[in-house]
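Participant: Quick one, run-v7.pdb (PDB, C-alpha atoms and all ligand atoms):
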ATOM      1  CA  MET A 227     -18.885  -8.367 -12.303
ATOM      2  CA  ASN A 228     -22.050  -6.577 -11.264
ATOM      3  CA  ASN A 229     -21.122  -5.919  -7.677
ATOM      4  CA  ILE A 230     -17.717  -4.846  -8.647
ATOM      5  CA  HIS A 231     -17.931  -2.321 -11.413
ATOM      6  CA  ARG A 232     -19.983   0.145  -9.414
ATOM      7  CA  SER A 233     -16.972   1.389  -7.514
ATOM      8  CA  SER A 234     -15.011   1.776 -10.640
ATOM      9  CA  SER A 235     -14.370   5.430 -11.221
ATOM     10  CA  VAL A 236     -10.642   6.100 -11.284
ATOM     11  CA  SER A 237      -9.716   5.628  -7.693
ATOM     12  CA  SER A 238      -6.811   5.426  -5.342
ATOM     13  CA  SER A 239      -3.872   3.061  -5.244
ATOM     14  CA  VAL A 240      -2.946   0.974  -2.276
ATOM     15  CA  PRO A 241       0.365  -0.552  -1.259
ATOM     16  CA  LEU A 242       1.398  -3.790  -2.909
ATOM     17  CA  THR A 243       0.175  -6.176  -4.254
ATOM     18  CA  ARG A 244      -1.557  -8.093  -6.990
ATOM     19  CA  ASN A 245      -0.016 -11.315  -5.754
ATOM     20  CA  GLN A 246      -1.562 -11.186  -2.309
ATOM     21  CA  HIS A 247      -4.043 -13.892  -3.089
ATOM     22  CA  TYR A 248      -1.272 -16.372  -3.882
ATOM     23  CA  GLN A 249       0.411 -15.488  -0.632
ATOM     24  CA  ARG A 250      -2.823 -15.887   1.235
ATOM     25  CA  GLN A 251      -3.056 -19.435  -0.040
ATOM     26  CA  GLU A 252       0.523 -20.097   1.064
ATOM     27  CA  ARG A 253       0.077 -18.494   4.453
ATOM     28  CA  GLY A 254      -1.938 -21.404   5.756
ATOM     29  CA  LYS A 255       0.900 -23.790   4.924
ATOM     30  CA  ASN A 256       3.946 -21.794   5.855
ATOM     31  CA  PRO A 257       4.544 -20.251   9.287
ATOM     32  CA  PHE A 258       7.207 -17.938   7.855
ATOM     33  CA  VAL A 259       4.744 -16.441   5.386
ATOM     34  CA  SER A 260       2.299 -15.967   8.220
ATOM     35  CA  LEU A 261       4.947 -14.130  10.235
ATOM     36  CA  VAL A 262       5.767 -11.927   7.279
ATOM     37  CA  HIS A 263       2.113 -11.054   6.937
ATOM     38  CA  ARG A 264       1.800 -10.087  10.599
ATOM     39  CA  ARG A 265       4.998  -8.104  10.413
ATOM     40  CA  ARG A 266       3.607  -6.179   7.412
ATOM     41  CA  GLN A 267       0.615  -5.072   9.386
ATOM     42  CA  ILE A 268       2.796  -3.253  11.858
ATOM     43  CA  GLN A 269       3.693   0.295  10.917
ATOM     44  CA  ARG A 270       7.409   0.309  10.234
ATOM     45  CA  GLU A 271       9.520   3.320  11.007
ATOM     46  CA  SER A 272      12.855   2.219   9.639
ATOM     47  CA  VAL A 273      14.152   3.452   6.317
ATOM     48  CA  ASP A 274      15.452   0.724   4.015
ATOM     49  CA  GLU A 275      19.142   0.881   3.428
ATOM     50  CA  ASN A 276      19.896   1.933  -0.168
ATOM     51  CA  MET A 277      16.212   2.289  -0.964
ATOM     52  CA  SER A 278      15.105   5.541   0.574
ATOM     53  CA  ALA A 279      13.783   8.428  -1.473
ATOM     54  CA  THR A 280      16.427  10.751  -2.817
ATOM     55  CA  THR A 281      15.691  14.447  -2.391
ATOM     56  CA  THR A 282      15.203  16.227  -5.707
ATOM     57  CA  SER A 283      16.694  19.620  -6.574
ATOM     58  CA  SER A 284      13.332  21.212  -5.754
ATOM     59  CA  GLY A 285      13.422  19.647  -2.298
ATOM     60  CA  GLY A 286      10.713  17.080  -3.081
ATOM     61  CA  THR A 287      11.029  13.331  -2.740
ATOM     62  CA  ARG A 288       9.501  12.013  -5.962
ATOM     63  CA  VAL A 289      11.013   8.656  -6.781
ATOM     64  CA  LYS A 290      11.311   7.357 -10.350
ATOM     65  CA  PRO A 291       8.656   4.690 -11.004
ATOM     66  CA  LEU A 292       9.652   1.150 -12.011
ATOM     67  CA  VAL A 293       7.950  -0.483 -15.006
ATOM     68  CA  ILE A 294       8.195  -4.286 -14.952
ATOM     69  CA  VAL A 295       7.345  -6.084 -18.185
ATOM     70  CA  GLY A 296       7.338  -9.736 -19.170
ATOM     71  CA  PRO A 297       5.014 -12.496 -20.355
ATOM     72  CA  SER A 298       2.264 -13.763 -18.126
ATOM     73  CA  GLY A 299       3.588 -16.415 -15.743
ATOM     74  CA  VAL A 300       7.246 -15.366 -15.952
ATOM     75  CA  GLY A 301       7.336 -14.358 -12.278
ATOM     76  CA  LYS A 302       6.839 -10.576 -12.282
ATOM     77  CA  GLY A 303       4.404 -10.671  -9.374
ATOM     78  CA  THR A 304       6.655 -13.016  -7.413
ATOM     79  CA  LEU A 305       9.652 -10.702  -7.848
ATOM     80  CA  ILE A 306       7.618  -7.610  -6.976
ATOM     81  CA  GLU A 307       6.326  -9.345  -3.877
ATOM     82  CA  LYS A 308       9.859 -10.177  -2.777
ATOM     83  CA  LEU A 309      11.009  -6.615  -3.344
ATOM     84  CA  ASN A 310       8.183  -5.281  -1.246
ATOM     85  CA  LYS A 311       8.627  -7.886   1.469
ATOM     86  CA  ASN A 312      12.312  -7.062   1.860
ATOM     87  CA  HIS A 313      11.856  -3.286   1.546
ATOM     88  CA  PRO A 314       8.397  -2.550   2.891
ATOM     89  CA  ASN A 315       8.886   1.214   3.118
ATOM     90  CA  SER A 316      10.224   1.801  -0.343
ATOM     91  CA  PHE A 317       7.580   0.663  -2.832
ATOM     92  CA  GLY A 318       3.918   0.987  -3.712
ATOM     93  CA  PHE A 319       1.874  -0.666  -6.430
ATOM     94  CA  SER A 320       0.031   1.111  -9.212
ATOM     95  CA  VAL A 321      -3.408  -0.505  -9.203
ATOM     96  CA  SER A 322      -4.437  -0.896 -12.826
ATOM     97  CA  HIS A 323      -7.920  -0.968 -14.285
ATOM     98  CA  THR A 324      -9.011  -4.045 -16.204
ATOM     99  CA  THR A 325     -12.136  -5.330 -17.910
ATOM    100  CA  ARG A 326     -11.242  -8.947 -17.120
ATOM    101  CA  ASP A 327     -13.138 -10.786 -14.411
ATOM    102  CA  PRO A 328     -11.504 -11.130 -10.994
ATOM    103  CA  ARG A 329      -9.859 -14.450 -10.131
ATOM    104  CA  PRO A 330     -10.847 -16.113  -6.872
ATOM    105  CA  GLY A 331      -9.258 -14.144  -4.044
ATOM    106  CA  GLU A 332      -8.651 -10.975  -6.053
ATOM    107  CA  GLU A 333     -10.084  -7.835  -4.501
ATOM    108  CA  ASN A 334     -11.452  -4.832  -6.311
ATOM    109  CA  GLY A 335      -9.244  -1.804  -5.649
ATOM    110  CA  VAL A 336      -6.408  -3.971  -4.346
ATOM    111  CA  HIS A 337      -5.278  -6.217  -7.183
ATOM    112  CA  TYR A 338      -7.081  -4.246  -9.875
ATOM    113  CA  HIS A 339      -9.985  -1.898 -10.344
ATOM    114  CA  PHE A 340     -12.325  -4.337 -12.095
ATOM    115  CA  VAL A 341     -14.507  -2.323 -14.447
ATOM    116  CA  GLU A 342     -17.074  -2.731 -17.178
ATOM    117  CA  LYS A 343     -15.755  -2.138 -20.680
ATOM    118  CA  SER A 344     -18.095   0.799 -21.392
ATOM    119  CA  LEU A 345     -17.008   2.644 -18.244
ATOM    120  CA  MET A 346     -13.330   2.076 -18.931
ATOM    121  CA  GLU A 347     -13.726   3.302 -22.508
ATOM    122  CA  GLN A 348     -15.445   6.427 -21.195
ATOM    123  CA  GLU A 349     -12.679   7.132 -18.687
ATOM    124  CA  ILE A 350     -10.058   6.573 -21.381
ATOM    125  CA  ALA A 351     -11.906   9.069 -23.580
ATOM    126  CA  ASP A 352     -11.948  11.496 -20.632
ATOM    127  CA  GLY A 353      -8.137  11.392 -20.576
ATOM    128  CA  LYS A 354      -7.777   9.685 -17.199
ATOM    129  CA  PHE A 355      -5.260   7.092 -18.352
ATOM    130  CA  LEU A 356      -1.516   7.343 -18.728
ATOM    131  CA  GLU A 357      -1.670   4.228 -20.931
ATOM    132  CA  HIS A 358      -4.023   1.435 -21.861
ATOM    133  CA  ALA A 359      -3.833  -1.629 -24.096
ATOM    134  CA  ASN A 360      -5.763  -4.674 -25.213
ATOM    135  CA  VAL A 361      -4.130  -7.633 -23.506
ATOM    136  CA  HIS A 362      -5.356 -11.239 -23.709
ATOM    137  CA  LEU A 363      -8.763 -10.043 -25.072
ATOM    138  CA  ASN A 364      -9.358  -7.474 -22.307
ATOM    139  CA  ILE A 365      -8.508  -3.820 -21.764
ATOM    140  CA  TYR A 366      -5.932  -2.990 -19.098
ATOM    141  CA  GLY A 367      -4.790   0.494 -18.201
ATOM    142  CA  THR A 368      -2.888   2.670 -15.750
ATOM    143  CA  SER A 369      -4.696   5.787 -14.589
ATOM    144  CA  PHE A 370      -2.745   8.943 -13.804
ATOM    145  CA  LYS A 371      -4.271   8.767 -10.344
ATOM    146  CA  ALA A 372      -2.997   5.236  -9.701
ATOM    147  CA  VAL A 373       0.583   6.393 -10.234
ATOM    148  CA  ASP A 374       0.187   9.705  -8.484
ATOM    149  CA  ASP A 375      -1.304   8.189  -5.340
ATOM    150  CA  VAL A 376       1.829   6.097  -4.870
ATOM    151  CA  ALA A 377       4.442   8.512  -6.192
ATOM    152  CA  SER A 378       3.162  11.344  -3.994
ATOM    153  CA  LYS A 379       4.076   9.291  -0.921
ATOM    154  CA  GLY A 380       7.739   9.484  -1.906
ATOM    155  CA  VAL A 381       8.030   5.754  -2.607
ATOM    156  CA  CYS A 382       8.832   3.965  -5.853
ATOM    157  CA  CYS A 383       5.659   3.235  -7.809
ATOM    158  CA  ILE A 384       5.773  -0.179  -9.499
ATOM    159  CA  LEU A 385       3.836  -0.650 -12.736
ATOM    160  CA  ASP A 386       3.317  -4.292 -13.737
ATOM    161  CA  ILE A 387       2.121  -3.706 -17.301
ATOM    162  CA  ASP A 388       2.450  -5.343 -20.709
ATOM    163  CA  ILE A 389       4.979  -4.315 -23.319
ATOM    164  CA  GLN A 390       2.508  -2.229 -25.341
ATOM    165  CA  GLY A 391       1.743  -0.202 -22.223
ATOM    166  CA  ALA A 392       5.447   0.210 -21.442
ATOM    167  CA  GLU A 393       6.101   1.567 -24.925
ATOM    168  CA  ILE A 394       3.183   3.978 -24.617
ATOM    169  CA  VAL A 395       4.470   5.279 -21.263
ATOM    170  CA  LYS A 396       7.986   5.746 -22.571
ATOM    171  CA  ASN A 397       6.925   7.338 -25.873
ATOM    172  CA  SER A 398       4.522   9.693 -24.097
ATOM    173  CA  GLY A 399       7.406  11.343 -22.285
ATOM    174  CA  LYS A 400       4.983  11.988 -19.415
ATOM    175  CA  LEU A 401       6.717   9.875 -16.792
ATOM    176  CA  ASP A 402      10.403   9.244 -16.317
ATOM    177  CA  CYS A 403      10.643   5.563 -15.349
ATOM    178  CA  ALA A 404      13.121   2.723 -15.097
ATOM    179  CA  TYR A 405      12.177  -0.249 -17.313
ATOM    180  CA  VAL A 406      12.941  -3.918 -16.645
ATOM    181  CA  PHE A 407      12.054  -6.867 -18.868
ATOM    182  CA  ILE A 408      11.709 -10.271 -17.207
ATOM    183  CA  GLN A 409      12.377 -13.224 -19.496
ATOM    184  CA  PRO A 410      11.582 -16.887 -18.900
ATOM    185  CA  PRO A 411      14.424 -19.424 -19.081
ATOM    186  CA  SER A 412      12.460 -21.187 -21.849
ATOM    187  CA  ILE A 413       8.964 -21.322 -23.363
ATOM    188  CA  PRO A 414       8.165 -24.786 -21.886
ATOM    189  CA  GLU A 415       9.199 -23.532 -18.428
ATOM    190  CA  LEU A 416       6.962 -20.476 -18.878
ATOM    191  CA  GLU A 417       4.017 -22.721 -19.725
ATOM    192  CA  ARG A 418       4.795 -24.950 -16.756
ATOM    193  CA  ARG A 419       4.709 -21.925 -14.413
ATOM    194  CA  LEU A 420       1.523 -20.563 -15.934
ATOM    195  CA  ARG A 421      -0.221 -23.904 -15.564
ATOM    196  CA  GLY A 422       1.339 -24.482 -12.133
ATOM    197  CA  ARG A 423      -0.150 -21.224 -10.871
ATOM    198  CA  GLY A 424      -3.555 -22.750 -11.509
ATOM    199  CA  THR A 425      -5.348 -19.481 -12.212
ATOM    200  CA  GLU A 426      -6.101 -19.784 -15.925
ATOM    201  CA  THR A 427      -8.550 -21.786 -18.000
ATOM    202  CA  GLU A 428      -7.149 -23.891 -20.828
ATOM    203  CA  GLU A 429      -8.294 -21.236 -23.288
ATOM    204  CA  ALA A 430      -6.575 -18.492 -21.284
ATOM    205  CA  VAL A 431      -3.333 -20.493 -21.091
ATOM    206  CA  THR A 432      -3.352 -20.905 -24.889
ATOM    207  CA  LYS A 433      -3.992 -17.191 -25.427
ATOM    208  CA  ARG A 434      -1.308 -16.178 -22.936
ATOM    209  CA  MET A 435       1.254 -18.531 -24.472
ATOM    210  CA  GLN A 436       0.540 -17.125 -27.959
ATOM    211  CA  ASN A 437       1.031 -13.600 -26.653
ATOM    212  CA  ALA A 438       4.144 -14.623 -24.724
ATOM    213  CA  THR A 439       6.045 -15.429 -27.904
ATOM    214  CA  LYS A 440       5.164 -12.034 -29.402
ATOM    215  CA  GLU A 441       5.977 -10.219 -26.184
ATOM    216  CA  ILE A 442       9.380 -11.904 -25.869
ATOM    217  CA  GLU A 443      10.205 -11.134 -29.506
ATOM    218  CA  ARG A 444       9.209  -7.495 -29.011
ATOM    219  CA  GLY A 445      11.213  -7.275 -25.778
ATOM    220  CA  GLU A 446      14.286  -8.688 -27.506
ATOM    221  CA  LYS A 447      13.879  -6.267 -30.387
ATOM    222  CA  LEU A 448      13.618  -3.264 -28.092
ATOM    223  CA  GLY A 449      16.609  -4.586 -26.143
ATOM    224  CA  SER A 450      18.917  -2.529 -23.994
ATOM    225  CA  ALA A 451      18.119   0.674 -25.908
ATOM    226  CA  PHE A 452      14.722   0.546 -24.209
ATOM    227  CA  PHE A 453      15.234  -1.442 -21.017
ATOM    228  CA  ASP A 454      17.489  -0.604 -18.104
ATOM    229  CA  ALA A 455      17.835  -4.351 -17.575
ATOM    230  CA  ILE A 456      16.715  -7.618 -19.161
ATOM    231  CA  ILE A 457      16.663 -10.318 -16.503
ATOM    232  CA  VAL A 458      16.150 -14.040 -17.034
ATOM    233  CA  ASN A 459      14.052 -15.365 -14.166
ATOM    234  CA  ASP A 460      15.638 -18.814 -13.955
ATOM    235  CA  ASP A 461      16.717 -19.104 -10.337
ATOM    236  CA  LEU A 462      14.397 -16.817  -8.372
ATOM    237  CA  ASP A 463      17.008 -15.617  -5.875
ATOM    238  CA  SER A 464      19.547 -14.637  -8.484
ATOM    239  CA  ALA A 465      16.877 -12.917 -10.636
ATOM    240  CA  TYR A 466      15.792 -11.034  -7.522
ATOM    241  CA  GLU A 467      19.371  -9.902  -6.789
ATOM    242  CA  LYS A 468      19.674  -8.573 -10.351
ATOM    243  CA  LEU A 469      16.379  -6.728 -10.042
ATOM    244  CA  LYS A 470      17.403  -5.247  -6.710
ATOM    245  CA  ASP A 471      20.708  -4.151  -8.187
ATOM    246  CA  VAL A 472      19.094  -2.261 -11.068
ATOM    247  CA  VAL A 473      16.543  -0.687  -8.727
ATOM    248  CA  VAL A 474      19.289   0.616  -6.444
ATOM    249  CA  ARG A 475      21.407   1.865  -9.361
ATOM    250  CA  ARG A 476      18.685   3.375 -11.559
ATOM    251  CA  ILE A 477      16.135   4.536  -9.011
ATOM    252  CA  PHE A 478      17.621   5.049  -5.579
ATOM    253  CA  THR A 479      21.049   6.397  -6.537
ATOM    254  CA  PRO A 480      21.082  10.206  -6.799
ATOM    255  CA  ALA A 481      22.083  11.409 -10.279
TER     256      ALA A 481
HETATM  257  P1  LIG B 501       3.449 -13.159 -13.456
HETATM  258  O1  LIG B 501       3.161 -12.143 -12.373
HETATM  259  O2  LIG B 501       4.603 -12.736 -14.323
HETATM  260  O3  LIG B 501       2.243 -13.518 -14.260
HETATM  261  P2  LIG B 501       3.816 -14.993 -11.207
HETATM  262  O4  LIG B 501       4.676 -14.168 -10.315
HETATM  263  O5  LIG B 501       2.384 -15.139 -10.856
HETATM  264  O6  LIG B 501       3.946 -14.489 -12.739
HETATM  265  O7  LIG B 501       4.515 -16.438 -11.317
HETATM  266  C1  LIG B 501       3.892 -17.505 -12.019
HETATM  267  C2  LIG B 501       4.218 -18.801 -11.294
HETATM  268  O8  LIG B 501       5.613 -19.094 -11.427
HETATM  269  C3  LIG B 501       3.920 -18.755  -9.807
HETATM  270  O9  LIG B 501       3.340 -19.966  -9.404
HETATM  271  C4  LIG B 501       5.302 -18.545  -9.173
HETATM  272  O10 LIG B 501       5.354 -19.114  -7.868
HETATM  273  C5  LIG B 501       6.205 -19.285 -10.145
HETATM  274  N1  LIG B 501       7.581 -18.752 -10.230
HETATM  275  C6  LIG B 501       7.954 -17.462 -10.234
HETATM  276  N2  LIG B 501       9.301 -17.355 -10.363
HETATM  277  C7  LIG B 501       9.779 -18.616 -10.428
HETATM  278  C8  LIG B 501      11.104 -19.179 -10.561
HETATM  279  N3  LIG B 501      12.203 -18.417 -10.656
HETATM  280  N4  LIG B 501      11.215 -20.531 -10.601
HETATM  281  C9  LIG B 501      10.116 -21.325 -10.521
HETATM  282  N5  LIG B 501       8.842 -20.865 -10.388
HETATM  283  C10 LIG B 501       8.673 -19.523 -10.347
HETATM  284  P1  LIG B 502      -3.224 -10.639 -15.505
HETATM  285  O1  LIG B 502      -4.558 -10.783 -16.187
HETATM  286  O2  LIG B 502      -2.450 -11.930 -15.478
HETATM  287  O3  LIG B 502      -3.321  -9.984 -14.158
HETATM  288  O4  LIG B 502      -2.350  -9.639 -16.400
HETATM  289  C1  LIG B 502      -2.170  -9.914 -17.748
HETATM  290  C2  LIG B 502      -1.176  -8.958 -18.364
HETATM  291  O5  LIG B 502      -1.695  -7.631 -18.316
HETATM  292  C3  LIG B 502       0.180  -8.919 -17.671
HETATM  293  O6  LIG B 502       1.187  -8.972 -18.676
HETATM  294  C4  LIG B 502       0.202  -7.581 -17.007
HETATM  295  O7  LIG B 502       1.507  -7.054 -16.929
HETATM  296  C5  LIG B 502      -0.641  -6.762 -17.954
HETATM  297  N1  LIG B 502      -1.212  -5.577 -17.308
HETATM  298  C6  LIG B 502      -1.685  -5.468 -16.038
HETATM  299  N2  LIG B 502      -2.072  -4.213 -15.786
HETATM  300  C7  LIG B 502      -1.837  -3.508 -16.915
HETATM  301  C8  LIG B 502      -2.015  -2.131 -17.269
HETATM  302  O8  LIG B 502      -2.461  -1.294 -16.498
HETATM  303  N3  LIG B 502      -1.655  -1.776 -18.524
HETATM  304  C9  LIG B 502      -1.150  -2.655 -19.438
HETATM  305  N4  LIG B 502      -0.808  -2.194 -20.626
HETATM  306  N5  LIG B 502      -0.964  -3.958 -19.130
HETATM  307  C10 LIG B 502      -1.302  -4.371 -17.886
END
Can you turn what I pasted into structure tokens?

Facilitator:
Amino acid sequence: MNNIHRSSSVSSSVPLTRNQHYQRQERGKNPFVSLVHRRRQIQRESVDENMSATTTSSGGTRVKPLVIVGPSGVGKGTLIEKLNKNHPNSFGFSVSHTTRDPRPGEENGVHYHFVEKSLMEQEIADGKFLEHANVHLNIYGTSFKAVDDVASKGVCCILDIDIQGAEIVKNSGKLDCAYVFIQPPSIPELERRLRGRGTETEEAVTKRMQNATKEIERGEKLGSAFFDAIIVNDDLDSAYEKLKDVVVRRIFTPA
């Protein structure tokens, strides 16, 4: 952590994504992924059909942020990655702060701002965070700056946060967002995905699976009164189509 926390004052967001390190691993194996990566590096001019910023009454182009919630391993990052890959001009990622250690391949300022607990607590006390929560024994939080850096570009800011954070954002009334809950097809399948990803220790898998049950129960209780959509990520392509549909309807369709 030592080399990392020094750069940790609340700092800017960058385009997607937290899942880049998984992609990087895949890139070596898959020529299509490699092509996608090269394509991403080129500045694109085109505006994505159905996913361009709608002009507000004041003439601005602020786009409603998207909050994606769901237990660890359910496929949130995979779905976000797909959304960004297919619509590279329409989204940006809110880079959260966390006190957890980086996984191999994760970059400070890209996947997260990796910070020491004392510094994060100080910045929370200074009012720099829209929300924060204790998740899996660490603190995670979304700074106002992380959202603003993306939203000010006129793209949809995606927040991949836990359910406590989503409730805080909604109850604060500070940010008008669309909310989507991603559910696993079953608990055993969730565990299989979490283990299959190969990023967690045995202890972390156990902790995440314990929290998953609570998170799913809370998500079900909040239900459609809270969420714009509850999507079961069984088949990835059909879950993606449902996510895309709600994004077009709730975010990119003028009121
Ligand atoms: P999260 O961001 O919610 O923690 P990830 O996107 O990292 O979850 O996905 C966890 C693992 O599950 C990854 O290995 C991913 O490739 C896999 N995965 C995601 N969606 C599906 C799906 N619909 N079917 C099978 N595996 C999936
Ligand atoms: P991971 O450690 O796997 O990257 O993330 C663990 C959990 O923390 C996920 O459920 C993720 O959505 C959540 N999380 C990530 N960033 C934030 C954040 O800024 N705020 C809150 N409340 N949760 C977050």

Participant: Padding 3 Å on each side, edges along x, y and z: where is the centre of the box around the listed atoms of ligand LIG 501 (chain B), and how long are its edges in Å to one decimal? Output it as lines of an AutoDock Vina configuration file.

Facilitator:
center_x = 7.2
center_y = -16.7
center_z = -11.1
size_x = 16.0
size_y = 15.2
size_z = 12.5

Participant: Residues at most 9 Å from Arg329 (chain A), counting only C-alpha atoms, excluding those fewer than 4 positions away in the same chain, as a short mmCIF file (atom, residue, chain, number, x, y, z; two decimals) with C-alpha atoms, in the coordinates of the input?

Facilitator:
data_model
loop_
_atom_site.label_atom_id
_atom_site.label_comp_id
_atom_site.auth_asym_id
_atom_site.auth_seq_id
_atom_site.Cartn_x
_atom_site.Cartn_y
_atom_site.Cartn_z
CA GLU A 333 -10.08 -7.84 -4.50
CA THR A 425 -5.35 -19.48 -12.21
CA GLU A 426 -6.10 -19.78 -15.92
#

Participant: Which residues would end up in the selection if the PyMOL selection byres (((chain A and resi 346-352) around 9) and not hetatm) were applied here, given that I need the answer as a VMD selection string?

Facilitator: chain A and resid 234 to 236 323 to 325 341 to 345 353 to 358 365 to 367 369

Participant: Can you work out the spacing between CA of Leu416 (chain A) and CA of Val300 (chain A) in Å, to one decimal?

Facilitator: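 That distance, rounded to one decimal, is 5.9 Å.
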
Participant: Run through the PyMOL selection byres (((not hetatm)) within 6 of (chain B and resi 502)) on the given coordinates and return the selected residues as a CSV table (one decimal) with C-alpha atoms, in the coordinates of the input.

Facilitator:
chain,number,residue,atom,x,y,z
A,297,PRO,CA,5.0,-12.5,-20.4
A,298,SER,CA,2.3,-13.8,-18.1
A,322,SER,CA,-4.4,-0.9,-12.8
A,323,HIS,CA,-7.9,-1.0,-14.3
A,358,HIS,CA,-4.0,1.4,-21.9
A,359,ALA,CA,-3.8,-1.6,-24.1
A,361,VAL,CA,-4.1,-7.6,-23.5
A,366,TYR,CA,-5.9,-3.0,-19.1
A,367,GLY,CA,-4.8,0.5,-18.2
A,368,THR,CA,-2.9,2.7,-15.8
A,386,ASP,CA,3.3,-4.3,-13.7
A,387,ILE,CA,2.1,-3.7,-17.3
A,388,ASP,CA,2.4,-5.3,-20.7
A,390,GLN,CA,2.5,-2.2,-25.3
A,391,GLY,CA,1.7,-0.2,-22.2

Participant: Kindly indicate which residue among A:Gly424, A:Gly445, A:Pro414, A:Pro291 lies nearest to Asp375 (chain A), using only C-alpha atoms for the distances.

Facilitator: A:Pro291

Participant: What residues of the protein or nucleic acid chains come within 7 Å of ligand LIG 501 (chain B) when you use only C-alpha atoms and all ligand atoms? Reply as number ranges by chain.

Facilitator: A: 245, 296-305, 419-420, 422-423, 459-462

Participant: Please produce a file of the residues just selected, as a short mmCIF file (atom, residue, chain, number, x, y, z; two decimals), in the frame of the given file, where the atoms kept are C-alpha atoms.

Facilitator:
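Once written, selection18.cif looks like this:
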data_model
loop_
_atom_site.label_atom_id
_atom_site.label_comp_id
_atom_site.auth_asym_id
_atom_site.auth_seq_id
_atom_site.Cartn_x
_atom_site.Cartn_y
_atom_site.Cartn_z
CA ASN A 245 -0.02 -11.32 -5.75
CA GLY A 296 7.34 -9.74 -19.17
CA PRO A 297 5.01 -12.50 -20.36
CA SER A 298 2.26 -13.76 -18.13
CA GLY A 299 3.59 -16.42 -15.74
CA VAL A 300 7.25 -15.37 -15.95
CA GLY A 301 7.34 -14.36 -12.28
CA LYS A 302 6.84 -10.58 -12.28
CA GLY A 303 4.40 -10.67 -9.37
CA THR A 304 6.66 -13.02 -7.41
CA LEU A 305 9.65 -10.70 -7.85
CA ARG A 419 4.71 -21.92 -14.41
CA LEU A 420 1.52 -20.56 -15.93
CA GLY A 422 1.34 -24.48 -12.13
CA ARG A 423 -0.15 -21.22 -10.87
CA ASN A 459 14.05 -15.36 -14.17
CA ASP A 460 15.64 -18.81 -13.96
CA ASP A 461 16.72 -19.10 -10.34
CA LEU A 462 14.40 -16.82 -8.37
#

Participant: Using all atoms listed in the file, can you tell me which of A:Gln436, A:Gly331, A:Ile384, A:Val474 comes closest to Ile413 (chain A)?

Facilitator: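 Checking each of A:Gln436, A:Gly331, A:Ile384, A:Val474 against Ile413 (chain A), counting all atoms listed in the file, the winner is A:Gln436.
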
Participant: Counting only C-alpha atoms, which of A:Ser412, A:Ser398, A:Ser450, A:Asn312 gets nearest to Met435 (chain A)?

Facilitator: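 Selected residue with least distance to Met435 (chain A): A:Ser412.
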
Participant: Write out as a list in words the residues lying within 12 Å of Ala451 (chain A), counting all atoms listed in the file and excluding same-chain residues fewer than 6 positions away.

Facilitator: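 Non-adjacent residues within range: Lys396, Tyr405, Val406, Phe407 and Gly445 of chain A.
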
Participant: Could you spell out the hits of the PyMOL selection byres (((chain A and resi 320) around 7) and not hetatm) on the shown file, as a ChimeraX atom specification?

Facilitator: /A:239,318-319,321-322,372-373,376,383-385

Participant: With the input short on atoms, add N, CA and C atoms back to region 334-345 of chain A and write it as a CSV table (one decimal), in the frame of the given file.

Facilitator:
chain,number,residue,atom,x,y,z
A,334,ASN,N,-11.3,-6.1,-5.6
A,334,ASN,CA,-11.5,-4.8,-6.3
A,334,ASN,C,-10.8,-3.7,-5.6
A,335,GLY,N,-9.9,-2.9,-6.3
A,335,GLY,CA,-9.2,-1.8,-5.6
A,335,GLY,C,-7.9,-2.2,-5.0
A,336,VAL,N,-7.7,-3.5,-4.9
A,336,VAL,CA,-6.4,-4.0,-4.3
A,336,VAL,C,-5.5,-4.6,-5.5
A,337,HIS,N,-6.1,-5.6,-6.1
A,337,HIS,CA,-5.3,-6.2,-7.2
A,337,HIS,C,-5.5,-5.5,-8.5
A,338,TYR,N,-6.7,-5.1,-8.7
A,338,TYR,CA,-7.1,-4.2,-9.9
A,338,TYR,C,-8.3,-3.5,-9.5
A,339,HIS,N,-8.6,-2.5,-10.3
A,339,HIS,CA,-10.0,-1.9,-10.3
A,339,HIS,C,-10.7,-2.7,-11.5
A,340,PHE,N,-11.6,-3.5,-11.1
A,340,PHE,CA,-12.3,-4.3,-12.1
A,340,PHE,C,-13.5,-3.5,-12.6
A,341,VAL,N,-13.5,-3.2,-13.9
A,341,VAL,CA,-14.5,-2.3,-14.4
A,341,VAL,C,-15.2,-2.9,-15.7
A,342,GLU,N,-16.4,-2.4,-15.9
A,342,GLU,CA,-17.1,-2.7,-17.2
A,342,GLU,C,-16.4,-2.0,-18.3
A,343,LYS,N,-16.4,-2.7,-19.5
A,343,LYS,CA,-15.8,-2.1,-20.7
A,343,LYS,C,-16.2,-0.7,-21.0
A,344,SER,N,-17.6,-0.5,-21.0
A,344,SER,CA,-18.1,0.8,-21.4
A,344,SER,C,-17.6,1.9,-20.5
A,345,LEU,N,-17.5,1.6,-19.2
A,345,LEU,CA,-17.0,2.6,-18.2
A,345,LEU,C,-15.5,2.9,-18.5
